[in-house]
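S.K.: Let me begin by handing over the structure; questions about it come next.
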Amino acid sequence: MSPRKSYSIILASDIHCGDPRFDEHLISTAISEINSIEPDLVVVAGDLTAKGYREEFEEAKHHIDLIDCDKKVVIAGNHDHRNVGWVFFEELFGRRFKTIKYDFDLYCHEVYQDKLNLIAADSSKPDLDEGEIGRQHYDWIKETFSDPNDFKVFVLHHHLVSVPGTGRERNIVWDAGDVLEVLKDAEADLVLCGHRHVPYVWTLGKTIIVNSGTMATLRTRGYSRPAYMSLTVDHESISISTHVPGEGIVKKDDFLRSRIPPKKIMSA
Ligand SMILES: [Fe+2]
Ligand SMILES: [Fe+2]
């Protein structure tokens, strides 16, 4: 792929196919907007279904397949673990824990080699709304995120830090403190999640934590709106936009990257 100035990531979440407040018009609007962005990577951060039924997963897959992007990462959420729904998730979307690497060449006077190293972890438990990453996965995260030059992205469904406007705190994973320490020590660049349907961006040390809203339902809280996020990454900065389907960008945050990727050594 030839070098370009930036690449884009879409974070969508909480489609909830089968839910009475699922909205066909919202999802088709959001997908046509996403396709016009021409994203390089799309992350769908769980809660594809209402109750984990097979036909709900099939409907979610139908919509996700309409997103025009050859790099998609889809994980399960707590609703997808209801009624042993994870068996359908694995059948239709693959493994629940995965690592994926993508290389992007970024151009700004010179060519920088951005190696995006993504971990997607299933934080959900059967029939529970609460979640956990689990001690057994910490060494895997540390090892995967051991290269200091990588751009490190961690994806889970639940939150790692409480999100305002979500009611009584029951949203963060049980082991949030330990996971945050693992990610801090590994110098993770981005955490991408969904779950409580309220879009919000936190920074914690060198890590930017991006929480998507619900892209396709009216399962919102208070004044929050259905939303998905777009991230534009260049060699020195990340801009994060909150999109309300049909209304455009309602918020934009800009951040400097914690480290500039290495310059590419060009062969003569
Ligand atoms: Fe949800
Ligand atoms: Fe959820």
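Residues in the structure tokens are named by chain (A, B, ... in the order shown) and by number from 1 within that chain; ligands are numbered from 1 in the order shown.
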Which residues are close to region 165-177 of chain A, i.e. within 6 Å by only C-alpha atoms, leaving aside same-chain residues fewer than 6 positions away? Reply as JSON, numbers by chain.
M.R.: {"A": [131, 132, 158, 159]}
S.K.: Please dump the current selection as a CSV table (one decimal), in the first residue's frame; keep all heavy atoms.
M.R.:
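File part-v1.csv, as written:
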chain,number,residue,atom,x,y,z
A,131,GLY,N,-18.1,-8.0,33.6
A,131,GLY,CA,-17.1,-8.6,32.8
A,131,GLY,C,-15.7,-8.7,33.5
A,131,GLY,O,-15.5,-8.1,34.5
A,132,GLU,N,-14.8,-9.4,32.8
A,132,GLU,CA,-13.4,-9.6,33.4
A,132,GLU,C,-12.5,-10.0,32.2
A,132,GLU,O,-12.9,-10.7,31.3
A,132,GLU,CB,-13.5,-10.7,34.4
A,132,GLU,CG,-12.1,-11.0,35.1
A,132,GLU,CD,-12.2,-12.2,36.0
A,132,GLU,OE1,-12.9,-13.2,35.6
A,132,GLU,OE2,-11.5,-12.2,37.0
A,158,HIS,N,-16.5,-4.3,27.7
A,158,HIS,CA,-16.8,-3.5,28.9
A,158,HIS,C,-15.8,-2.3,29.0
A,158,HIS,O,-14.8,-2.2,28.2
A,158,HIS,CB,-16.7,-4.4,30.1
A,158,HIS,CG,-17.7,-5.5,30.2
A,158,HIS,ND1,-17.6,-6.6,29.5
A,158,HIS,CD2,-18.9,-5.5,30.9
A,158,HIS,CE1,-18.6,-7.4,29.7
A,158,HIS,NE2,-19.4,-6.8,30.6
A,159,HIS,N,-16.1,-1.5,30.0
A,159,HIS,CA,-15.2,-0.3,30.2
A,159,HIS,C,-14.1,-0.7,31.1
A,159,HIS,O,-14.2,-1.6,32.0
A,159,HIS,CB,-16.1,0.8,30.8
A,159,HIS,CG,-17.3,1.2,30.0
A,159,HIS,ND1,-17.1,1.9,28.8
A,159,HIS,CD2,-18.6,0.9,30.1
A,159,HIS,CE1,-18.3,2.1,28.3
A,159,HIS,NE2,-19.2,1.4,29.0
S.K.: Can you write out as a Markdown table which residues of chain A fall within 6 Å of ligand 1, alongside each residue's closest atom pair and its distance in Å to one decimal, counting only C-alpha atoms and all ligand atoms and ordering rows by chain and ascending residue number?
M.R.:
| residue | atom | partner | partner_atom_place_in_ligand_line | distance |
| --- | --- | --- | --- | --- |
| A:Asp14 | CA | ligand 1 | 1 (Fe) | 4.5 |
| A:Asp47 | CA | ligand 1 | 1 (Fe) | 5.1 |
| A:His195 | CA | ligand 1 | 1 (Fe) | 4.5 |
| A:Arg196 | CA | ligand 1 | 1 (Fe) | 5.7 |
S.K.: Which one is closest to Leu41 (chain A): A:Asp127, A:Asp147, A:Asp70, A:Asp254? Count only C-alpha atoms.
M.R.: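 Of A:Asp127, A:Asp147, A:Asp70, A:Asp254, the one nearest Leu41 (chain A) is A:Asp70, counting only C-alpha atoms.
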S.K.: Near Ile37 (chain A), within 10 Å and counting only C-alpha atoms, which residues show up once chain neighbours fewer than 3 positions away are dropped, as a PyMOL selection string?
M.R.: chain A and resi 8-10+31-34+40+68+230
S.K.: Deliver the residues from the most recent selection as a file, using N, CA and C atoms, as a compact mmCIF listing (two decimals), in the first residue's frame.
M.R.:
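File written: selection.txt
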# COMPACT_ATOMS: atom_id res chain seq x y z
N SER A 8 -7.60 5.64 8.87
CA SER A 8 -8.78 5.85 9.70
C SER A 8 -9.30 4.54 10.29
N ILE A 9 -9.78 4.66 11.51
CA ILE A 9 -10.36 3.52 12.24
C ILE A 9 -11.78 3.91 12.64
N ILE A 10 -12.72 3.02 12.42
CA ILE A 10 -14.08 3.22 12.93
C ILE A 10 -14.28 2.32 14.15
N ILE A 31 -24.05 2.94 8.43
CA ILE A 31 -23.19 2.16 7.53
C ILE A 31 -22.90 2.95 6.25
N SER A 32 -23.86 3.68 5.73
CA SER A 32 -23.55 4.44 4.52
C SER A 32 -22.59 5.59 4.84
N GLU A 33 -22.70 6.17 6.03
CA GLU A 33 -21.72 7.20 6.43
C GLU A 33 -20.33 6.59 6.59
N ILE A 34 -20.26 5.44 7.24
CA ILE A 34 -18.97 4.77 7.45
C ILE A 34 -18.33 4.44 6.09
N ASP A 40 -9.91 2.33 7.06
CA ASP A 40 -8.88 1.30 6.86
C ASP A 40 -9.08 0.13 7.81
N ASP A 68 -18.00 -1.59 4.03
CA ASP A 68 -17.04 -1.82 2.96
C ASP A 68 -15.61 -1.58 3.47
N SER A 230 -15.05 7.81 14.93
CA SER A 230 -14.01 7.63 13.91
C SER A 230 -12.71 8.21 14.45
S.K.: Show me which residues are within 10 Å of ligand 2 counting only C-alpha atoms and all ligand atoms, and format the list as a VMD selection string.
M.R.: chain A and resid 13 to 14 16 45 to 50 76 to 81 123 to 124 128 to 131 157 to 159 171 193 to 197 214
S.K.: So which residues touch Arg225 (chain A) within 12 Å, counting only C-alpha atoms, skipping near sequence neighbours fewer than 3 positions away, as a list in words?
M.R.: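 Close residues of Arg225 (chain A): Leu26, Gly165, Arg196, His197, Val198, Pro199, Tyr200, Ser212, Gly213, Thr214, Met215, Ala216, Thr217, Leu218, Arg219, Thr220, Arg221, Gly222, Tyr228, Thr242, His243, Val244, Pro245, Gly246, Glu247, Gly248, Ile249, Val250 and Lys251 of chain A.
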S.K.: To one decimal place in Å, what is the distance between CA of Ser258 (chain A) and CA of Lys152 (chain A)?
M.R.: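 Separation of CA of Ser258 (chain A) and CA of Lys152 (chain A): 10.9 Å.
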S.K.: Out of region 115-250 of chain A, which residues get helix (DSSP H, G or I) from DSSP, as an NGL selection string?
M.R.: :A and (135-144 or 176-185)
S.K.: Any idea what's packed within 7 Å of Thr232 (chain A), counting only C-alpha atoms, ignoring anything in its chain fewer than 6 positions away? Could you give it as a list in words?
M.R.: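 Within the cut-off, the hits are Ser6, Tyr7, Ser8, Ile9, Ile238, Ser239 and Ile240 of chain A.
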S.K.: Any idea what the distance is between CA of Gly52 (chain A) and CA of Arg82 (chain A)?
M.R.: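 Value for the CA of Gly52 (chain A)-CA of Arg82 (chain A) distance: 5.1 Å.
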S.K.: Mind listing the strand (DSSP E) residues of region 2-126 of chain A, per DSSP on the backbone, as a PyMOL selection string?
M.R.: chain A and resi 7-12+41-44+72-74+98-108+110-120
S.K.: Mind dumping the selected residues with N, CA, C and O atoms as a short mmCIF file (atom, residue, chain, number, x, y, z; two decimals), in the first residue's frame?
M.R.:
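Resulting contents of out-v6.cif:
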data_model
loop_
_atom_site.label_atom_id
_atom_site.label_comp_id
_atom_site.auth_asym_id
_atom_site.auth_seq_id
_atom_site.Cartn_x
_atom_site.Cartn_y
_atom_site.Cartn_z
N TYR A 7 -4.40 7.26 8.38
CA TYR A 7 -5.35 6.17 8.16
C TYR A 7 -6.50 6.33 9.16
O TYR A 7 -6.39 7.06 10.15
N SER A 8 -7.60 5.64 8.87
CA SER A 8 -8.78 5.85 9.70
C SER A 8 -9.30 4.54 10.29
O SER A 8 -9.25 3.48 9.65
N ILE A 9 -9.78 4.66 11.51
CA ILE A 9 -10.36 3.52 12.24
C ILE A 9 -11.78 3.91 12.64
O ILE A 9 -12.00 5.03 13.13
N ILE A 10 -12.72 3.02 12.42
CA ILE A 10 -14.08 3.22 12.93
C ILE A 10 -14.28 2.32 14.15
O ILE A 10 -13.92 1.14 14.12
N LEU A 11 -14.82 2.91 15.22
CA LEU A 11 -15.23 2.13 16.38
C LEU A 11 -16.76 2.18 16.46
O LEU A 11 -17.35 3.25 16.67
N ALA A 12 -17.38 1.03 16.21
CA ALA A 12 -18.84 0.93 16.32
C ALA A 12 -19.14 -0.10 17.40
O ALA A 12 -18.32 -0.98 17.67
N LEU A 41 -9.76 0.39 8.91
CA LEU A 41 -10.01 -0.67 9.90
C LEU A 41 -11.33 -0.36 10.60
O LEU A 41 -11.60 0.80 10.94
N VAL A 42 -12.15 -1.38 10.79
CA VAL A 42 -13.42 -1.22 11.51
C VAL A 42 -13.43 -2.17 12.70
O VAL A 42 -13.17 -3.37 12.54
N VAL A 43 -13.69 -1.61 13.88
CA VAL A 43 -13.81 -2.42 15.09
C VAL A 43 -15.26 -2.36 15.56
O VAL A 43 -15.83 -1.28 15.70
N VAL A 44 -15.85 -3.53 15.76
CA VAL A 44 -17.21 -3.61 16.31
C VAL A 44 -17.05 -4.25 17.70
O VAL A 44 -16.70 -5.41 17.83
N LYS A 72 -11.70 -5.94 9.43
CA LYS A 72 -12.72 -5.77 10.46
C LYS A 72 -12.38 -6.64 11.66
O LYS A 72 -11.95 -7.78 11.49
N VAL A 73 -12.58 -6.08 12.84
CA VAL A 73 -12.39 -6.84 14.08
C VAL A 73 -13.71 -6.78 14.83
O VAL A 73 -14.22 -5.70 15.14
N VAL A 74 -14.28 -7.94 15.10
CA VAL A 74 -15.58 -8.01 15.79
C VAL A 74 -15.40 -8.84 17.06
O VAL A 74 -14.82 -9.93 17.02
N LYS A 98 -8.13 -12.60 20.13
CA LYS A 98 -7.29 -12.64 18.94
C LYS A 98 -6.31 -11.47 18.92
O LYS A 98 -6.54 -10.43 19.55
N THR A 99 -5.22 -11.67 18.21
CA THR A 99 -4.26 -10.59 17.96
C THR A 99 -4.16 -10.40 16.45
O THR A 99 -4.18 -11.39 15.70
N ILE A 100 -4.07 -9.18 16.04
CA ILE A 100 -4.02 -8.86 14.61
C ILE A 100 -3.00 -7.75 14.40
O ILE A 100 -2.95 -6.80 15.21
N LYS A 101 -2.22 -7.85 13.33
CA LYS A 101 -1.23 -6.81 13.03
C LYS A 101 -1.52 -6.22 11.66
O LYS A 101 -1.82 -6.96 10.72
N TYR A 102 -1.44 -4.91 11.58
CA TYR A 102 -1.57 -4.23 10.30
C TYR A 102 -0.43 -3.22 10.19
O TYR A 102 -0.10 -2.54 11.15
N ASP A 103 0.15 -3.12 8.99
CA ASP A 103 1.20 -2.11 8.75
C ASP A 103 0.65 -0.99 7.90
O ASP A 103 0.01 -1.24 6.88
N PHE A 104 0.90 0.22 8.33
CA PHE A 104 0.51 1.38 7.54
C PHE A 104 1.74 2.25 7.31
O PHE A 104 2.46 2.57 8.26
N ASP A 105 1.99 2.64 6.07
CA ASP A 105 3.06 3.58 5.78
C ASP A 105 2.48 4.98 5.75
O ASP A 105 1.56 5.27 4.97
N LEU A 106 3.01 5.83 6.61
CA LEU A 106 2.49 7.20 6.73
C LEU A 106 3.52 8.18 6.17
O LEU A 106 4.72 8.06 6.48
N TYR A 107 3.04 9.12 5.39
CA TYR A 107 3.96 10.05 4.75
C TYR A 107 3.80 11.44 5.33
O TYR A 107 2.70 11.98 5.42
N CYS A 108 4.92 12.01 5.75
CA CYS A 108 4.96 13.44 6.11
C CYS A 108 6.41 13.85 5.94
O CYS A 108 7.24 13.64 6.83
N GLU A 110 8.83 12.46 5.15
CA GLU A 110 9.47 11.15 5.06
C GLU A 110 8.41 10.08 5.30
O GLU A 110 7.30 10.39 5.70
N VAL A 111 8.81 8.83 5.11
CA VAL A 111 7.84 7.75 5.31
C VAL A 111 8.06 7.11 6.69
O VAL A 111 9.18 6.74 7.05
N TYR A 112 6.98 7.04 7.46
CA TYR A 112 7.01 6.41 8.78
C TYR A 112 6.28 5.07 8.69
O TYR A 112 5.27 4.94 7.99
N GLN A 113 6.81 4.12 9.43
CA GLN A 113 6.24 2.78 9.37
C GLN A 113 5.44 2.52 10.64
O GLN A 113 6.02 2.30 11.71
N ASP A 114 4.12 2.60 10.52
CA ASP A 114 3.27 2.41 11.69
C ASP A 114 2.81 0.96 11.75
O ASP A 114 2.08 0.49 10.88
N LYS A 115 3.24 0.27 12.77
CA LYS A 115 2.85 -1.13 12.93
C LYS A 115 1.76 -1.20 14.00
O LYS A 115 2.05 -1.14 15.18
N LEU A 116 0.53 -1.31 13.52
CA LEU A 116 -0.61 -1.39 14.44
C LEU A 116 -0.73 -2.82 14.95
O LEU A 116 -0.81 -3.77 14.17
N ASN A 117 -0.69 -2.95 16.25
CA ASN A 117 -0.72 -4.27 16.88
C ASN A 117 -1.94 -4.32 17.79
O ASN A 117 -2.00 -3.63 18.79
N LEU A 118 -2.93 -5.08 17.40
CA LEU A 118 -4.24 -5.04 18.07
C LEU A 118 -4.51 -6.34 18.83
O LEU A 118 -4.30 -7.43 18.28
N ILE A 119 -4.96 -6.19 20.05
CA ILE A 119 -5.47 -7.34 20.83
C ILE A 119 -6.96 -7.14 21.00
O ILE A 119 -7.41 -6.07 21.43
N ALA A 120 -7.73 -8.17 20.67
CA ALA A 120 -9.17 -8.15 20.93
C ALA A 120 -9.46 -9.23 21.96
O ALA A 120 -9.13 -10.40 21.75
#
S.K.: So, counting only C-alpha atoms, which residue among A:Asn35, A:Thr207, A:Asn149, A:Thr29 is closest to Leu180 (chain A)?
M.R.: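 Comparing A:Asn35, A:Thr207, A:Asn149, A:Thr29 against Leu180 (chain A), the winner is A:Thr207.
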